[in-house]
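Visitor: Sending over a structure as structure tokens; questions will come in a sec.
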Amino acid sequence: MKSSTHILAAGYITMAASLKMNMRLDETFVVLAMSSAGSILPDIDKKGSKISEKNLVAGISGSLLRIFTSHRGFTHTIVGAGLISILITLAINLLPLNLDNNINSIIGMSLFFGMLSHIILDSLNPKGVMLIWPLSRKRFNLMNIKTGSISEFIFRMILCFGLIIFAIYFLMEKGMFNL
Ligand SMILES: [Zn+2]
């Protein structure tokens with residue numbers, strides 16, 4: 001899937017989390033930022049991907065990662081997503097930002113759910129993903145939507161349409177918009 005398709009998932013995650021946990025605006029923005037990053041992060045294992053060319057840190061991390069894993073390997077597993085989310089959250093904690101525990105858990109969970117959404121969307125591609133690694137290296141693919149194909153374009157349009165409907169519901173629930 002293209003990164004533009006993946007990033008749409010962050011919109012769903014943000015609005016669902018904000019509604020479910022009755023989040024403040026600043027917390028909602030943290031979810032949006034971290035789930036957006038998480039939604040494209042797994043492709044850091046692919047040379048030339050948007051995320052691996054984002055900045056120097058991403059570039060170096062991606063190059064190092066590619067020594068140990070191939071595309072759609074470790075970063076595209078549920079265990080990998082969990083470990084990477086924990087590591088990044090710990091690294092953010094080392095910065096002098098004085099974040100409270102609530103924001104820390106929001107950062108970790110948003111990253112994880114963003115990465116999880118990427119893995120689920122990639123499972124709709126013929127190559128599939130190793131969902132239950134390290135228990136098995138079996139690749140699961142739920143559909144046959146090829147990257148950059150017309151079927152991905154249609155799928156992306158459906159996601160966009162759903163997101164607009166969800167956004168209207170979200171704004172109504174937050175009391176910002178009344179029909
Ligand atoms: Zn991917």
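Chain labels run A, B, ... following the order of the structure tokens; each chain numbers its residues from 1, and ligands are numbered from 1 in the order shown.
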Just want the residues within 12 Å of ligand 1, written as a ChimeraX atom specification, counting only C-alpha atoms and all ligand atoms.

Guide: /A:1-7,38-47,49-52,70-77,81,114-125,127-130,146-147

Visitor: Could you write those residues out with C-alpha atoms, as a PDB file, in the first residue's frame?

Guide:
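Output file out.pdb follows:
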ATOM      1  CA  MET A   1       0.000   0.000   0.000  1.00  0.00           C
ATOM      2  CA  LYS A   2       1.132   3.569  -0.649  1.00  0.00           C
ATOM      3  CA  SER A   3       1.915   5.804   2.346  1.00  0.00           C
ATOM      4  CA  SER A   4      -1.056   8.048   1.443  1.00  0.00           C
ATOM      5  CA  THR A   5      -3.365   5.036   1.920  1.00  0.00           C
ATOM      6  CA  HIS A   6      -1.703   4.093   5.213  1.00  0.00           C
ATOM      7  CA  ILE A   7      -1.874   7.589   6.655  1.00  0.00           C
ATOM      8  CA  GLY A  38       3.239   4.811  13.206  1.00  0.00           C
ATOM      9  CA  SER A  39       1.089   4.288  10.117  1.00  0.00           C
ATOM     10  CA  ILE A  40       4.097   4.750   7.792  1.00  0.00           C
ATOM     11  CA  LEU A  41       6.896   3.628  10.143  1.00  0.00           C
ATOM     12  CA  PRO A  42       6.944  -0.115   9.198  1.00  0.00           C
ATOM     13  CA  ASP A  43       8.107   0.795   5.658  1.00  0.00           C
ATOM     14  CA  ILE A  44      11.374   2.105   7.126  1.00  0.00           C
ATOM     15  CA  ASP A  45      12.620  -1.367   6.095  1.00  0.00           C
ATOM     16  CA  LYS A  46      12.172  -0.408   2.418  1.00  0.00           C
ATOM     17  CA  LYS A  47      14.866   1.573   0.593  1.00  0.00           C
ATOM     18  CA  SER A  49      10.187   4.680   1.119  1.00  0.00           C
ATOM     19  CA  LYS A  50       8.812   8.063   2.303  1.00  0.00           C
ATOM     20  CA  ILE A  51       9.643   7.383   5.954  1.00  0.00           C
ATOM     21  CA  SER A  52      13.216   6.199   5.313  1.00  0.00           C
ATOM     22  CA  SER A  70      14.051  -7.675   4.463  1.00  0.00           C
ATOM     23  CA  HIS A  71      11.030  -5.591   3.434  1.00  0.00           C
ATOM     24  CA  ARG A  72       7.845  -6.712   5.204  1.00  0.00           C
ATOM     25  CA  GLY A  73       9.842  -8.533   7.840  1.00  0.00           C
ATOM     26  CA  PHE A  74      10.218  -7.627  11.544  1.00  0.00           C
ATOM     27  CA  THR A  75       8.681  -4.132  11.287  1.00  0.00           C
ATOM     28  CA  HIS A  76       5.549  -5.664   9.741  1.00  0.00           C
ATOM     29  CA  THR A  77       4.840  -8.036  12.658  1.00  0.00           C
ATOM     30  CA  ALA A  81       5.326  -3.107  16.245  1.00  0.00           C
ATOM     31  CA  GLY A 114      -0.618   3.288  13.843  1.00  0.00           C
ATOM     32  CA  MET A 115       1.863   0.481  13.094  1.00  0.00           C
ATOM     33  CA  LEU A 116      -0.842  -2.146  13.585  1.00  0.00           C
ATOM     34  CA  SER A 117      -3.061  -0.381  11.032  1.00  0.00           C
ATOM     35  CA  HIS A 118      -0.137  -0.484   8.556  1.00  0.00           C
ATOM     36  CA  ILE A 119       0.302  -4.234   9.093  1.00  0.00           C
ATOM     37  CA  ILE A 120      -3.444  -4.867   8.663  1.00  0.00           C
ATOM     38  CA  LEU A 121      -3.570  -2.806   5.445  1.00  0.00           C
ATOM     39  CA  ASP A 122      -0.459  -4.569   4.064  1.00  0.00           C
ATOM     40  CA  SER A 123      -2.197  -7.899   4.741  1.00  0.00           C
ATOM     41  CA  LEU A 124      -4.655  -6.879   1.996  1.00  0.00           C
ATOM     42  CA  ASN A 125      -1.733  -7.031  -0.475  1.00  0.00           C
ATOM     43  CA  LYS A 127       2.642 -10.463  -0.564  1.00  0.00           C
ATOM     44  CA  GLY A 128       0.950 -10.483   2.864  1.00  0.00           C
ATOM     45  CA  VAL A 129       2.592 -10.073   6.281  1.00  0.00           C
ATOM     46  CA  MET A 130       3.999 -12.411   8.949  1.00  0.00           C
ATOM     47  CA  LYS A 146      -1.685  -4.577  -5.386  1.00  0.00           C
ATOM     48  CA  THR A 147       0.314  -1.454  -4.429  1.00  0.00           C
TER      49      THR A 147
END

Visitor: Which residues are near stretch 163-179 of chain A? Cut-off 12 Å, only C-alpha atoms, ignore same chain within fewer than 5 positions. Put them as a PyMOL selection string.

Guide: chain A and resi 5+7-20+22-25+28+156-158

Visitor: Using DSSP on the backbone, list every residue of chain A that comes out as helix (DSSP H, G or I), and give them as a PyMOL selection string.

Guide: chain A and resi 3-20+25-45+51-53+56-68+74-76+78-94+101-122+150-173

Visitor: Work out how far apart atom CA of A:Ser105 and atom CA of A:Gly80 are and give it in Å to one decimal.

Guide: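 These atoms are spaced 17.9 Å apart.
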
Visitor: Just the number, please: distance in Å from atom CA of A:Ile88 to atom CA of A:Gly62, one decimal.

Guide: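 A separation of 14.2 Å between them.
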
Visitor: Using only C-alpha atoms, find the one residue out of A:Asn93, A:Asn141, A:Ser151, A:Asn102 that sits nearest to A:Asp26.

Guide: A:Asn102
